[in-house]
Amino acid sequence: MIRMLYLLVKPEGMSDETFRAECQRHDEMSRDVPGLHKYEVRLVAEQPTDTHVPFFDIGHVDAIGECWFENEAAYDSYLASDIRKAWFEHGKTFIGQLKPFRTAPVSGSDNSAG
């Protein structure tokens, strides 16, 4: 399983309500994207600083998105898809900045999307 994680920041001046509505629309649009096994976006409710190890600040984050792909072939299909390109165009309308990460399991294989 390939998993991509995205830290998302809304554009300056966009209301929380508009951002939430566009995140919901983006989630609905994700269901038609070829190769995409699962998509989830979660709004950041708070950024606690009372951690058990030293804290480092990454700046403000409004949401965290995650995409799952069953394998490299599915990921390649996703990248080549015109539907994915249109989905990204929608993302440009409500995502001011993002930071992507391709993640890997700590041990063994990651055969689930949950």
# chains A, B, ... in the order shown; residues from 1 in each chain; ligands from 1
>>> residues_around(residues="stretch 20-22 of chain A", least_positions_apart="3", cutoff="8 Å", atoms="only C-alpha atoms", output="list in words")
Asp16, Glu17, Arg25, His26, Leu43 and Phe94 of chain A
>>> write_last_selection(atoms="C-alpha atoms", output="short mmCIF file (atom, residue, chain, number, x, y, z; two decimals), in the first residue's frame")
data_model
loop_
_atom_site.label_atom_id
_atom_site.label_comp_id
_atom_site.auth_asym_id
_atom_site.auth_seq_id
_atom_site.Cartn_x
_atom_site.Cartn_y
_atom_site.Cartn_z
CA ASP A 16 -13.13 28.19 8.18
CA GLU A 17 -16.64 27.47 6.88
CA ARG A 25 -16.43 18.75 -1.94
CA HIS A 26 -12.87 17.54 -2.55
CA LEU A 43 -9.46 19.25 9.93
CA PHE A 94 -8.97 26.13 -1.55
#
>>> residues_around(residues="stretch 100-102 of chain A", least_positions_apart="3", cutoff="12 Å", atoms="only C-alpha atoms", output="list of chain:residue names")
A:Met1, A:Ile2, A:Arg3, A:Met4, A:Leu5, A:Tyr6, A:Leu7, A:Leu8, A:Val9, A:Ile64, A:Gly65, A:Glu66, A:Cys67, A:Trp68, A:Phe69, A:Tyr75, A:Gln97, A:Pro105
>>> write_last_selection(atoms="C-alpha atoms", output="tab-separated table (two decimals), in the first residue's frame")
chain	number	residue	atom	x	y	z
A	1	MET	CA	0.00	0.00	0.00
A	2	ILE	CA	1.33	3.42	-0.93
A	3	ARG	CA	0.25	6.20	1.42
A	4	MET	CA	0.72	9.90	0.85
A	5	LEU	CA	0.19	12.39	3.67
A	6	TYR	CA	-0.39	16.11	3.09
A	7	LEU	CA	-0.27	18.99	5.56
A	8	LEU	CA	-2.72	21.60	4.24
A	9	VAL	CA	-3.01	25.34	4.86
A	64	ILE	CA	-4.24	16.78	7.08
A	65	GLY	CA	-5.05	14.78	3.96
A	66	GLU	CA	-4.08	11.23	3.14
A	67	CYS	CA	-4.25	9.24	-0.10
A	68	TRP	CA	-3.92	5.45	-0.33
A	69	PHE	CA	-2.93	3.47	-3.44
A	75	TYR	CA	-0.33	5.14	-8.33
A	97	GLN	CA	-0.05	25.68	0.73
A	105	PRO	CA	5.48	1.34	7.40
>>> select_by_dssp(residues="chain A", states="strand (DSSP E or B)", output="list in words")
Ile2, Arg3, Met4, Leu5, Tyr6, Leu7, Leu8, Val9, Lys38, Tyr39, Glu40, Val41, Arg42, Leu43, Ala63, Ile64, Gly65, Glu66, Cys67, Trp68, Phe69, Gln97, Leu98, Lys99, Pro100, Phe101, Arg102 and Thr103 of chain A
>>> closest_atom_pairs(of="stretch 73-106 of chain A", to="stretch 47-63 of chain A", cutoff="10 Å", atoms="only C-alpha atoms", output="CSV")
residue,atom,partner,partner_atom,distance
A:Ile95,CA,A:Asp62,CA,9.5
A:Gln97,CA,A:Val61,CA,9.3
A:Leu98,CA,A:Val61,CA,8.9
A:Lys99,CA,A:Val61,CA,9.9
>>> closest_residue(among="A:Met29, A:Val106, A:Cys23, A:Val44", to="A:Arg84", atoms="only C-alpha atoms")
A:Met29
>>> select_by_dssp(residues="chain A", states="alpha helix (DSSP H)", output="PyMOL selection string")
chain A and resi 16-30+72-80+82-94
>>> write_last_selection(atoms="C-alpha atoms", output="PDB file, in the first residue's frame")
ATOM      1  CA  ASP A  16     -13.125  28.192   8.176  1.00  0.00           C
ATOM      2  CA  GLU A  17     -16.638  27.470   6.877  1.00  0.00           C
ATOM      3  CA  THR A  18     -15.610  27.846   3.220  1.00  0.00           C
ATOM      4  CA  PHE A  19     -12.518  25.720   3.775  1.00  0.00           C
ATOM      5  CA  ARG A  20     -14.579  22.987   5.442  1.00  0.00           C
ATOM      6  CA  ALA A  21     -17.116  23.027   2.589  1.00  0.00           C
ATOM      7  CA  GLU A  22     -14.381  22.791  -0.062  1.00  0.00           C
ATOM      8  CA  CYS A  23     -12.681  19.949   1.847  1.00  0.00           C
ATOM      9  CA  GLN A  24     -16.022  18.111   1.808  1.00  0.00           C
ATOM     10  CA  ARG A  25     -16.430  18.750  -1.940  1.00  0.00           C
ATOM     11  CA  HIS A  26     -12.868  17.539  -2.555  1.00  0.00           C
ATOM     12  CA  ASP A  27     -13.621  14.376  -0.578  1.00  0.00           C
ATOM     13  CA  GLU A  28     -16.716  13.730  -2.699  1.00  0.00           C
ATOM     14  CA  MET A  29     -14.742  14.319  -5.921  1.00  0.00           C
ATOM     15  CA  SER A  30     -12.062  11.827  -4.811  1.00  0.00           C
ATOM     16  CA  GLU A  72       2.746   1.337  -7.941  1.00  0.00           C
ATOM     17  CA  ALA A  73       0.535   0.493 -10.943  1.00  0.00           C
ATOM     18  CA  ALA A  74      -2.468   2.124  -9.244  1.00  0.00           C
ATOM     19  CA  TYR A  75      -0.325   5.136  -8.328  1.00  0.00           C
ATOM     20  CA  ASP A  76       0.858   5.450 -11.946  1.00  0.00           C
ATOM     21  CA  SER A  77      -2.754   5.237 -13.149  1.00  0.00           C
ATOM     22  CA  TYR A  78      -3.665   7.999 -10.696  1.00  0.00           C
ATOM     23  CA  LEU A  79      -0.820  10.233 -11.901  1.00  0.00           C
ATOM     24  CA  ALA A  80      -1.814   9.802 -15.554  1.00  0.00           C
ATOM     25  CA  ASP A  82      -7.229  13.516 -16.372  1.00  0.00           C
ATOM     26  CA  ILE A  83      -9.770  13.165 -13.551  1.00  0.00           C
ATOM     27  CA  ARG A  84      -6.916  13.433 -11.022  1.00  0.00           C
ATOM     28  CA  LYS A  85      -5.666  16.540 -12.839  1.00  0.00           C
ATOM     29  CA  ALA A  86      -9.125  18.147 -12.548  1.00  0.00           C
ATOM     30  CA  TRP A  87      -9.227  17.111  -8.867  1.00  0.00           C
ATOM     31  CA  PHE A  88      -5.890  18.881  -8.337  1.00  0.00           C
ATOM     32  CA  GLU A  89      -7.259  21.980 -10.091  1.00  0.00           C
ATOM     33  CA  HIS A  90     -10.092  22.026  -7.558  1.00  0.00           C
ATOM     34  CA  GLY A  91      -7.499  21.679  -4.788  1.00  0.00           C
ATOM     35  CA  LYS A  92      -5.789  24.843  -6.020  1.00  0.00           C
ATOM     36  CA  THR A  93      -8.988  26.795  -5.304  1.00  0.00           C
ATOM     37  CA  PHE A  94      -8.972  26.133  -1.550  1.00  0.00           C
TER      38      PHE A  94
END
>>> atom_distance(atom1="atom CA of A:Pro11", atom2="atom CA of A:Thr103")
25.5 Å
>>> closest_residue(among="A:Leu36, A:Gly96, A:Glu70, A:Arg31", to="A:Glu12", atoms="only C-alpha atoms")
A:Gly96
>>> atom_distance(atom1="atom CA of A:Val33", atom2="atom CA of A:Met14")
26.1 Å
